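Here's my_file01.txt, which has compact mmCIF, C-alpha atoms:
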# COMPACT_ATOMS: atom_id res chain seq x y z
CA MET L 1 0.00 0.00 0.00
CA ARG L 2 2.83 2.45 0.76
CA LYS L 3 5.27 3.73 -1.89
CA ASN L 4 8.84 2.59 -1.54
CA SER L 5 10.40 4.32 1.43
CA LYS L 6 13.21 6.16 -0.39
CA GLU L 7 10.67 8.04 -2.48
CA ALA L 8 8.48 8.65 0.57
CA ILE L 9 11.46 10.18 2.41
CA VAL L 10 12.29 12.54 -0.45
CA GLU L 11 8.68 13.62 -0.81
CA ALA L 12 8.30 14.29 2.91
CA ALA L 13 11.64 16.11 3.07
CA VAL L 14 10.88 18.41 0.15
CA PHE L 15 7.48 19.26 1.60
CA LEU L 16 9.03 20.15 4.95
CA PHE L 17 11.96 22.07 3.45
CA ASN L 18 9.48 24.18 1.50
CA THR L 19 7.41 25.01 4.54
CA LYS L 20 9.91 25.11 7.42
CA GLY L 21 13.13 25.76 5.50
CA PHE L 22 16.10 23.40 5.21
CA SER L 23 17.73 24.40 8.53
CA GLY L 24 14.35 24.38 10.28
CA THR L 25 13.66 20.74 9.41
CA SER L 26 15.09 17.83 11.40
CA ILE L 27 15.65 14.20 10.38
CA ARG L 28 13.09 13.33 13.06
CA ASP L 29 10.46 15.61 11.38
CA ILE L 30 11.08 13.96 8.03
CA ALA L 31 10.84 10.46 9.49
CA ALA L 32 7.58 11.35 11.23
CA ARG L 33 6.01 12.76 8.09
CA ALA L 34 7.19 9.88 5.91
CA GLU L 35 6.02 7.42 8.60
CA ILE L 36 9.30 5.56 8.64
CA ASN L 37 12.07 4.85 11.09
CA PRO L 38 14.75 7.63 11.20
CA ALA L 39 17.39 4.91 10.72
CA ASN L 40 16.06 4.44 7.16
CA ILE L 41 17.03 8.01 6.32
CA ALA L 42 20.55 7.40 7.57
CA TYR L 43 20.65 4.17 5.57
CA TYR L 44 19.72 5.84 2.27
CA PHE L 45 21.19 9.34 2.63
CA GLN L 46 23.55 9.35 5.66
CA ASN L 47 22.32 12.76 6.81
CA LYS L 48 20.42 15.89 5.79
CA ASN L 49 23.18 17.04 3.48
CA GLY L 50 23.12 13.69 1.73
CA LEU L 51 19.41 14.19 1.21
CA LEU L 52 20.05 17.68 -0.18
CA GLU L 53 22.65 16.34 -2.60
CA TYR L 54 20.23 13.62 -3.68
CA CYS L 55 17.54 16.25 -4.40
CA PHE L 56 19.93 18.32 -6.52
CA THR L 57 21.15 15.33 -8.49
CA ALA L 58 17.67 13.90 -9.03
CA PHE L 59 16.37 17.25 -10.22
CA PHE L 60 19.22 18.21 -12.51
CA GLU L 61 19.88 14.83 -14.11
CA ASP L 62 16.35 14.71 -15.47
CA TYR L 63 16.36 18.43 -16.19
CA LEU L 64 19.40 17.97 -18.44
CA LYS L 65 17.76 15.00 -20.17
CA GLU L 66 14.80 17.20 -21.09
CA LEU L 67 17.16 19.87 -22.35
CA GLU L 68 19.14 17.37 -24.39
CA ALA L 69 15.97 15.90 -25.89
CA GLY L 70 15.12 19.35 -27.23
CA TYR L 71 18.68 19.98 -28.34
CA GLN L 72 18.42 17.05 -30.78
CA LEU L 73 16.26 19.24 -32.99
CA LEU L 74 19.05 21.75 -33.60
CA ASP L 75 19.94 20.35 -37.02
CA GLU L 76 16.41 21.11 -38.17
CA SER L 77 15.97 24.68 -36.96
CA ALA L 78 17.25 26.77 -34.04
CA GLU L 79 13.81 28.26 -33.47
CA SER L 80 11.94 25.00 -33.14
CA CYS L 81 14.81 23.57 -31.11
CA LEU L 82 14.65 26.42 -28.59
CA LYS L 83 10.88 26.17 -28.41
CA LEU L 84 11.02 22.46 -27.72
CA ILE L 85 13.66 23.00 -25.01
CA VAL L 86 11.46 25.61 -23.32
CA ASP L 87 8.40 23.42 -23.57
CA ASN L 88 10.22 20.36 -22.20
CA LEU L 89 11.79 22.22 -19.28
CA LEU L 90 8.57 23.94 -18.36
CA LYS L 91 6.54 20.75 -18.37
CA TYR L 92 9.24 18.92 -16.45
CA GLN L 93 9.24 21.59 -13.75
CA CYS L 94 5.45 21.58 -13.58
CA ARG L 95 5.46 17.81 -13.10
CA ASN L 96 7.89 18.25 -10.20
CA LEU L 97 6.57 21.44 -8.68
CA GLN L 98 7.69 21.01 -5.07
CA LEU L 99 11.13 19.64 -5.91
CA THR L 100 11.68 22.41 -8.47
CA ARG L 101 10.70 25.09 -6.03
CA PHE L 102 13.01 23.76 -3.36
CA VAL L 103 16.02 23.21 -5.64
CA LEU L 104 15.74 26.61 -7.34
CA ARG L 105 15.50 28.30 -3.98
CA GLU L 106 18.57 26.50 -2.63
CA MET L 107 20.45 27.47 -5.79
CA THR L 108 20.14 31.14 -4.82
CA LEU L 109 22.58 30.52 -1.92
CA ASP L 110 26.39 30.56 -2.18
CA SER L 111 27.21 27.25 -0.52
CA GLN L 112 29.98 24.88 -1.56
CA MET L 113 27.41 22.38 -2.85
CA VAL L 114 25.65 25.03 -4.92
CA ARG L 115 28.96 25.95 -6.52
CA GLU L 116 29.59 22.35 -7.48
CA VAL L 117 26.11 21.83 -8.84
CA MET L 118 26.38 25.06 -10.81
CA SER L 119 29.69 24.21 -12.38
CA THR L 120 28.31 20.84 -13.43
CA TYR L 121 24.75 21.39 -14.54
CA TYR L 122 24.32 25.10 -15.18
CA VAL L 123 27.54 25.27 -17.16
CA LYS L 124 26.24 22.43 -19.35
CA GLU L 125 22.91 24.18 -19.73
CA ARG L 126 24.69 27.37 -20.78
CA TYR L 127 26.71 25.34 -23.30
CA TYR L 128 23.56 23.95 -24.99
CA LEU L 129 21.64 27.22 -24.98
CA LYS L 130 24.66 29.08 -26.36
CA LYS L 131 24.99 26.55 -29.20
CA VAL L 132 21.32 26.96 -30.11
CA LEU L 133 21.42 30.75 -30.01
CA GLU L 134 24.70 31.00 -31.92
CA LYS L 135 23.47 28.67 -34.61
CA GLY L 136 20.24 30.63 -34.94
CA MET L 137 22.18 33.86 -35.36
CA ARG L 138 24.55 32.27 -37.88
CA THR L 139 21.66 31.02 -40.01
CA LYS L 140 19.84 34.38 -39.61
CA GLU L 141 16.85 32.73 -37.95
CA PHE L 142 17.59 34.92 -34.94
CA LYS L 143 18.53 38.56 -34.82
CA ASN L 144 21.95 39.45 -33.49
CA HIS L 145 21.87 39.59 -29.71
CA THR L 146 24.24 39.36 -26.76
CA VAL L 147 23.91 35.63 -26.16
CA LEU L 148 24.39 35.70 -22.38
CA TYR L 149 21.71 38.38 -21.92
CA ILE L 150 19.27 36.23 -23.86
CA ILE L 151 20.10 33.28 -21.61
CA LEU L 152 19.50 35.53 -18.59
CA GLN L 153 16.04 36.44 -19.88
CA LEU L 154 15.23 32.86 -20.76
CA LYS L 155 16.26 31.70 -17.28
CA GLY L 156 14.05 34.40 -15.81
CA PHE L 157 11.07 33.04 -17.72
CA LEU L 158 11.84 29.46 -16.74
CA THR L 159 12.49 29.97 -13.03
CA THR L 160 10.19 32.79 -11.88
CA PRO L 161 6.88 30.91 -11.57
CA PHE L 162 8.51 28.19 -9.46
CA LEU L 163 10.86 30.28 -7.36
CA ASN L 164 8.08 32.76 -6.54
CA MET L 165 5.30 30.22 -6.32
CA TYR L 166 3.57 31.85 -3.41
CA TYR L 167 3.53 35.26 -5.14
CA VAL L 168 2.35 33.71 -8.38
CA ASN L 169 -0.49 31.90 -6.62
CA GLU L 170 -1.62 34.58 -4.21
CA VAL L 171 -0.98 37.84 -6.02
CA LEU L 172 -1.31 36.93 -9.69
CA HIS L 173 -3.77 34.05 -9.13
CA ILE L 174 -1.84 31.98 -11.65
CA LEU L 175 -1.74 28.32 -10.66
CA PRO L 176 1.37 26.45 -11.89
CA HIS L 177 -0.03 23.13 -10.67
CA GLU L 178 -2.86 23.26 -13.21
CA LYS L 179 -2.24 21.56 -16.53
CA TYR L 180 -3.42 24.69 -18.30
CA PHE L 181 -0.50 26.69 -16.94
CA ALA L 182 2.40 24.91 -18.67
CA GLU L 183 0.65 25.14 -22.03
CA LYS L 184 -0.29 28.79 -21.76
CA TYR L 185 3.03 29.92 -20.32
CA SER L 186 4.97 27.92 -22.89
CA ARG L 187 3.03 29.75 -25.61
CA GLU L 188 3.94 33.08 -23.98
CA ILE L 189 7.65 32.25 -24.07
CA CYS L 190 7.32 31.06 -27.67
CA LYS L 191 5.77 34.42 -28.52
CA TRP L 192 8.80 36.08 -26.93
CA ILE L 193 11.09 33.87 -29.03
CA GLU L 194 9.20 34.84 -32.17
CA SER L 195 8.96 38.55 -31.50
CA ALA L 196 12.12 39.41 -29.57
CA LEU L 197 14.56 36.82 -30.88
CA CYS L 198 13.55 35.92 -34.42
CA GLU L 199 14.50 37.96 -37.42
CA ALA L 200 11.54 40.01 -38.69
CA LYS L 201 10.76 43.22 -40.53
CA PRO L 202 13.10 46.07 -39.56
CA LEU L 203 11.77 48.08 -36.65
CA ALA L 204 12.89 51.37 -38.21
CA GLU L 205 9.36 52.53 -38.94
CA ARG L 206 8.34 51.98 -35.31
CA ARG L 207 8.32 54.99 -33.02
CA VAL L 208 10.87 54.39 -30.27
CA ILE L 209 10.32 56.32 -27.09
CA SER L 210 13.41 56.72 -25.01
CA VAL L 211 13.16 57.07 -21.24
CA MET H 1 34.46 58.68 11.16
CA ARG H 2 31.94 55.84 11.41
CA LYS H 3 28.52 55.95 9.73
CA ASN H 4 25.55 56.22 12.05
CA SER H 5 25.12 52.94 13.85
CA LYS H 6 21.61 52.09 12.64
CA GLU H 7 22.81 52.06 9.05
CA ALA H 8 25.94 50.13 10.01
CA ILE H 9 23.79 47.45 11.69
CA VAL H 10 21.57 47.02 8.64
CA GLU H 11 24.54 46.83 6.29
CA ALA H 12 26.31 44.24 8.45
CA ALA H 13 23.12 42.23 8.90
CA VAL H 14 22.31 42.09 5.19
CA PHE H 15 25.86 41.04 4.38
CA LEU H 16 25.72 38.21 6.93
CA PHE H 17 22.18 37.11 5.96
CA ASN H 18 23.37 36.81 2.35
CA THR H 19 26.36 34.69 3.23
CA LYS H 20 25.25 32.65 6.27
CA GLY H 21 21.48 32.79 5.84
CA PHE H 22 18.98 34.47 8.15
CA SER H 23 18.73 31.58 10.63
CA GLY H 24 22.50 31.06 10.55
CA THR H 25 23.24 34.62 11.69
CA SER H 26 23.13 35.68 15.35
CA ILE H 27 22.71 39.14 16.86
CA ARG H 28 26.22 38.69 18.24
CA ASP H 29 27.62 38.11 14.69
CA ILE H 30 25.91 41.26 13.45
CA ALA H 31 27.18 43.33 16.36
CA ALA H 32 30.73 42.07 15.81
CA ARG H 33 30.69 42.88 12.12
CA ALA H 34 29.11 46.31 12.64
CA GLU H 35 31.58 46.94 15.49
CA ILE H 36 28.89 48.03 17.89
CA ASN H 37 27.47 46.84 21.20
CA PRO H 38 24.71 44.17 20.79
CA ALA H 39 22.50 46.32 23.04
CA ASN H 40 22.31 48.86 20.20
CA ILE H 41 20.62 46.30 17.99
CA ALA H 42 18.04 45.63 20.68
CA TYR H 43 17.53 49.37 21.06
CA TYR H 44 16.83 49.98 17.37
CA PHE H 45 15.19 46.73 16.28
CA GLN H 46 14.29 44.71 19.39
CA ASN H 47 15.42 41.43 17.82
CA LYS H 48 16.32 39.70 14.54
CA ASN H 49 12.73 39.70 13.37
CA GLY H 50 12.52 43.43 13.94
CA LEU H 51 15.58 43.80 11.79
CA LEU H 52 13.99 41.65 9.09
CA GLU H 53 10.84 43.76 9.15
CA TYR H 54 12.93 46.91 8.91
CA CYS H 55 14.73 45.53 5.82
CA PHE H 56 11.44 44.70 4.11
CA THR H 57 9.94 48.10 4.87
CA ALA H 58 13.06 50.02 3.87
CA PHE H 59 13.30 48.12 0.60
CA PHE H 60 9.65 48.26 -0.43
CA GLU H 61 8.86 51.83 0.59
CA ASP H 62 11.54 53.16 -1.76
CA TYR H 63 10.72 50.52 -4.37
CA LEU H 64 7.13 51.75 -4.49
CA LYS H 65 8.30 55.38 -4.75
CA GLU H 66 10.31 54.50 -7.84
CA LEU H 67 7.31 52.70 -9.28
CA GLU H 68 5.01 55.64 -8.54
CA ALA H 69 7.47 58.10 -10.09
CA GLY H 70 7.25 56.15 -13.34
CA TYR H 71 3.48 55.78 -13.04
CA GLN H 72 3.12 59.58 -13.26
CA LEU H 73 3.88 59.31 -16.96
CA LEU H 74 0.77 57.24 -17.68
CA ASP H 75 -1.21 60.18 -19.00
CA GLU H 76 1.38 60.67 -21.68
CA SER H 77 1.81 57.13 -23.00
CA ALA H 78 1.55 53.62 -21.56
CA GLU H 79 4.69 52.53 -23.39
CA SER H 80 6.97 55.27 -22.07
CA CYS H 81 5.38 54.91 -18.63
CA LEU H 82 6.17 51.20 -18.50
CA LYS H 83 9.69 51.80 -19.75
CA LEU H 84 10.33 54.41 -17.10
CA ILE H 85 8.98 52.11 -14.40
CA VAL H 86 11.31 49.32 -15.54
CA ASP H 87 14.27 51.66 -15.72
CA ASN H 88 13.58 53.14 -12.28
CA LEU H 89 13.10 49.77 -10.59
CA LEU H 90 16.16 48.27 -12.20
CA LYS H 91 18.41 51.15 -11.24
CA TYR H 92 16.99 51.21 -7.73
CA GLN H 93 17.73 47.52 -7.29
CA CYS H 94 21.24 47.93 -8.69
CA ARG H 95 21.93 50.74 -6.23
CA ASN H 96 20.85 48.43 -3.39
CA LEU H 97 22.24 45.15 -4.62
CA GLN H 98 22.75 43.31 -1.33
CA LEU H 99 19.48 44.45 0.23
CA THR H 100 17.57 43.56 -2.95
CA ARG H 101 19.08 40.12 -3.09
CA PHE H 102 18.25 39.41 0.53
CA VAL H 103 14.70 40.75 0.41
CA LEU H 104 13.81 38.96 -2.84
CA ARG H 105 15.17 35.71 -1.46
CA GLU H 106 13.17 36.03 1.77
CA MET H 107 10.07 36.75 -0.31
CA THR H 108 10.24 33.24 -1.79
CA LEU H 109 9.30 31.80 1.63
CA ASP H 110 5.74 31.40 2.98
CA SER H 111 6.12 33.07 6.37
CA GLN H 112 3.52 35.21 8.09
CA MET H 113 5.65 38.31 7.53
CA VAL H 114 6.03 37.56 3.83
CA ARG H 115 2.28 37.26 3.50
CA GLU H 116 1.78 40.67 5.10
CA VAL H 117 4.45 42.33 2.97
CA MET H 118 2.97 40.75 -0.14
CA SER H 119 -0.54 41.88 0.57
CA THR H 120 0.72 45.41 1.13
CA TYR H 121 3.43 46.06 -1.44
CA TYR H 122 3.05 43.44 -4.15
CA VAL H 123 -0.68 43.99 -4.36
CA LYS H 124 -0.02 47.71 -4.87
CA GLU H 125 2.61 46.94 -7.48
CA ARG H 126 0.15 44.70 -9.31
CA TYR H 127 -2.43 47.50 -9.17
CA TYR H 128 -0.10 50.00 -10.88
CA LEU H 129 1.21 47.58 -13.49
CA LYS H 130 -2.31 46.44 -14.29
CA LYS H 131 -3.44 50.05 -14.79
CA VAL H 132 -0.55 50.72 -17.17
CA LEU H 133 -1.11 47.55 -19.18
CA GLU H 134 -4.87 47.99 -19.37
CA LYS H 135 -4.54 51.57 -20.49
CA GLY H 136 -2.01 50.57 -23.16
CA MET H 137 -4.37 47.91 -24.48
CA ARG H 138 -7.32 50.29 -24.45
CA THR H 139 -5.42 52.91 -26.44
CA LYS H 140 -4.05 50.19 -28.78
CA GLU H 141 -0.46 51.00 -27.88
CA PHE H 142 -0.19 47.42 -26.64
CA LYS H 143 -1.48 44.25 -28.21
CA ASN H 144 -4.15 42.33 -26.38
CA HIS H 145 -2.57 40.10 -23.76
CA THR H 146 -3.47 38.33 -20.55
CA VAL H 147 -2.43 41.08 -18.15
CA LEU H 148 -1.34 38.84 -15.27
CA TYR H 149 0.91 36.75 -17.53
CA ILE H 150 2.63 39.91 -18.71
CA ILE H 151 3.18 40.95 -15.10
CA LEU H 152 4.64 37.49 -14.43
CA GLN H 153 7.13 37.93 -17.28
CA LEU H 154 7.98 41.46 -16.22
CA LYS H 155 8.61 40.32 -12.65
CA GLY H 156 10.86 37.58 -14.00
CA PHE H 157 12.95 40.17 -15.84
CA LEU H 158 13.12 42.43 -12.80
CA THR H 159 13.98 39.84 -10.16
CA THR H 160 16.15 37.19 -11.85
CA PRO H 161 19.53 39.00 -11.90
CA PHE H 162 19.27 39.81 -8.20
CA LEU H 163 17.71 36.61 -6.91
CA ASN H 164 20.22 34.50 -8.85
CA MET H 165 23.16 36.82 -8.38
CA TYR H 166 25.69 34.06 -7.92
CA TYR H 167 24.59 32.27 -11.10
CA VAL H 168 24.53 35.52 -13.05
CA ASN H 169 28.07 36.38 -11.92
CA GLU H 170 29.69 32.99 -12.14
CA VAL H 171 27.95 31.25 -15.02
CA LEU H 172 26.88 34.11 -17.28
CA HIS H 173 29.72 36.47 -16.27
CA ILE H 174 27.23 39.32 -16.12
CA LEU H 175 28.02 41.76 -13.30
CA PRO H 176 24.96 43.55 -11.90
CA HIS H 177 27.15 45.78 -9.70
CA GLU H 178 28.67 47.47 -12.75
CA LYS H 179 26.98 50.63 -13.95
CA TYR H 180 26.93 49.23 -17.46
CA PHE H 181 24.56 46.46 -16.42
CA ALA H 182 21.48 48.49 -15.49
CA GLU H 183 21.65 50.41 -18.74
CA LYS H 184 22.14 47.42 -20.98
CA TYR H 185 19.58 45.25 -19.22
CA SER H 186 17.04 48.07 -19.17
CA ARG H 187 17.45 48.36 -22.96
CA GLU H 188 16.85 44.61 -23.28
CA ILE H 189 13.57 44.83 -21.37
CA CYS H 190 12.55 47.87 -23.43
CA LYS H 191 13.16 45.81 -26.56
CA TRP H 192 10.85 43.17 -25.11
CA ILE H 193 8.22 45.83 -24.44
CA GLU H 194 8.52 47.05 -28.03
CA SER H 195 8.52 43.69 -29.72
CA ALA H 196 6.34 41.49 -27.53
CA LEU H 197 3.94 44.01 -26.02
CA CYS H 198 3.53 46.84 -28.47
CA GLU H 199 1.18 46.76 -31.41
CA ALA H 200 3.09 46.17 -34.65
CA LYS H 201 2.66 44.69 -38.13
CA PRO H 202 0.61 41.50 -38.14
CA LEU H 203 2.77 38.42 -37.79
CA ALA H 204 0.70 36.49 -40.34
CA GLU H 205 3.45 36.46 -42.92
CA ARG H 206 5.91 34.99 -40.41
CA ARG H 207 6.43 31.25 -40.45
CA VAL H 208 5.28 29.87 -37.11
CA ILE H 209 6.78 26.58 -36.08
CA SER H 210 4.77 24.67 -33.55
CA VAL H 211 6.44 22.31 -31.14

If you convert what's in this file into structure tokens, what do you get?
Amino acid sequence: MRKNSKEAIVEAAVFLFNTKGFSGTSIRDIAARAEINPANIAYYFQNKNGLLEYCFTAFFEDYLKELEAGYQLLDESAESCLKLIVDNLLKYQCRNLQLTRFVLREMTLDSQMVREVMSTYYVKERYYLKKVLEKGMRTKEFKNHTVLYIILQLKGFLTTPFLNMYYVNEVLHILPHEKYFAEKYSREICKWIESALCEAKPLAERRVISV
Amino acid sequence: MRKNSKEAIVEAAVFLFNTKGFSGTSIRDIAARAEINPANIAYYFQNKNGLLEYCFTAFFEDYLKELEAGYQLLDESAESCLKLIVDNLLKYQCRNLQLTRFVLREMTLDSQMVREVMSTYYVKERYYLKKVLEKGMRTKEFKNHTVLYIILQLKGFLTTPFLNMYYVNEVLHILPHEKYFAEKYSREICKWIESALCEAKPLAERRVISV
């Protein structure tokens, strides 16, 4: 009747980390919520830091797989490749809402573990996104842009709803846990790709108001 | 020779909160770094929570003033109003880099204090942004959009560099503390306003690739 206990531990831990914070949660709390013996946690993860490392690895390994699945389309077209990457990453994060929220929040710290995770996964992510953007600019699908600023904007789109979940729910009344969200938001980012990134008519005839 | 001690306390506290976390920082640590007597902290702020509340209030009161200064331009044009708001908020956050980073990070939690701050300041922010966007759509300066999704994207632009400061520095090599950054990034967001938000030629002739 119960799920396997490793999964139950991770689920309970992520729930508690998101409500009480990582430092505010004890192994005993996690064991109680997961309805298991605390010794099981030690058996699987050694300690709380082991659990944290497991969360990072679990999240980013699958995250990269989704990215790489989209990246396969690069030979076809940079635009459709980038759109598929966005769509894959968004849906992946929506499927793993609580884990995503927790991992993204922890990644805003400067700990030793964050540095290691960053230099492994985020550097790879930058590598793929850079390749896609550079190819698109070379083939004139995309306008010329500063690549790293585009990645910054893209990351903003991809992380904001999850990192600021409470704000998004309570102030904007947008509900990332509803199936509708991933589809609608993915379309919004695709619109941004089409209008801000892709080559189009020159903007010269548009009135530009400087501030 | 020394700055007034209230300011020195806040500066030391924000520095420590950003490196050791809020829970990981003690009043004693703050006093040592600010080179003052711990009793001074109690005198000004009562305790750590008082200090936290002070940081929120200090940040958001001035944040709203910057927003309201831009909002004054609404009678002229929704586009230039929105651009001025973005420019003001970005420059304000760049001038207060460490405080911004700390406050935005704390706002990703679900605490009682966060809820109160949100229902005061973020609800007001939503009110102003909504007014600007709705006016722009009414006057046909802006295309028709789901207002709250545009606010979500705008907030992503405005928060990401500060919330993910370590990533932005170390992975993208973008340096928000350099004067250059606010100007360049503000131009990027203005481009987004022009291309994604503003009314332009129909996109019908553009090839749309669905994913």

Against chain L, which residues of chain H fall within 6 Å? For each one I want the closest pair of atoms and the distance in Å (one decimal), counting all atoms listed in the file, rows by chain and increasing residue number, as a tab-separated table.
residue	atom	partner	partner_atom	distance
H:Leu84	CA	L:Val211	CA	5.7
H:Thr108	CA	L:Asn164	CA	5.2
H:Leu148	CA	L:Leu172	CA	5.9
H:Gly156	CA	L:Gly156	CA	4.9
H:Phe157	CA	L:Gly156	CA	5.9
H:Thr160	CA	L:Gly156	CA	5.3
H:Asn164	CA	L:Thr108	CA	5.2
H:Leu172	CA	L:Leu148	CA	5.9
H:Trp192	CA	L:Ala196	CA	6.0
H:Ser195	CA	L:Ser195	CA	5.5
H:Ala196	CA	L:Ser195	CA	5.6
H:Val211	CA	L:Leu84	CA	5.7

**OP:** Name the residues in contact with Asp62 (chain H) at a cut-off of 12 Å, using all atoms listed in the file, excluding same-chain residues fewer than 3 positions from it; report them as a PyMOL selection string.
**Re:** chain H and resi 55-59+65-69+88-89+91-93+95-96+99-100+121

Original post:
What is the CA of Leu52 (chain H)-CA of Arg33 (chain H) distance in Å, reported with one decimal?
Top reply: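 Distance reported for this atom pair: 17.0 Å.
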
Can you report as lines of an AutoDock Vina configuration file the centre and edge lengths in Å, to one decimal, of an axis-aligned box around the listed atoms of region 61-74 of chain L padded with 8 Å on each side?
center_x = 17.3
center_y = 18.2
center_z = -23.9
size_x = 21.1
size_y = 23.0
size_z = 35.5

Original post:
Which value, in Å to one decimal, gives the distance between CA of Met113 (chain L) and CA of Tyr127 (chain L)?
Top reply: 20.7 Å

Original post:
CA of Leu90 (chain L) and CA of Glu134 (chain H), how far apart in Å?
Top reply: 27.6 Å

**OP:** Write out as a PyMOL selection string which residues come within 9 Å of Gly136 (chain L) when counting only C-alpha atoms, dropping same-chain ones fewer than 4 positions away.
**Re:** chain L and resi 77-79+131-132+140-143+198

Original post:
Using only C-alpha atoms, which of L:Val117, L:Tyr128, L:Glu7, L:Phe181 sits nearest Glu53 (chain L)?
Top reply: L:Val117

Original post:
Hey, which of H:Phe102, H:Tyr180, H:Ala13, H:Ser5 ends up closest to Ala39 (chain H)? Count all atoms listed in the file.
Top reply: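 Residue with the minimum atom-to-atom distance to Ala39 (chain H): H:Ser5.
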
**OP:** Kindly indicate which residue among H:Leu175, H:Gly50, H:Thr139, H:Ile9 lies nearest to Asp75 (chain H), using all atoms listed in the file for the distances.
**Re:** H:Thr139
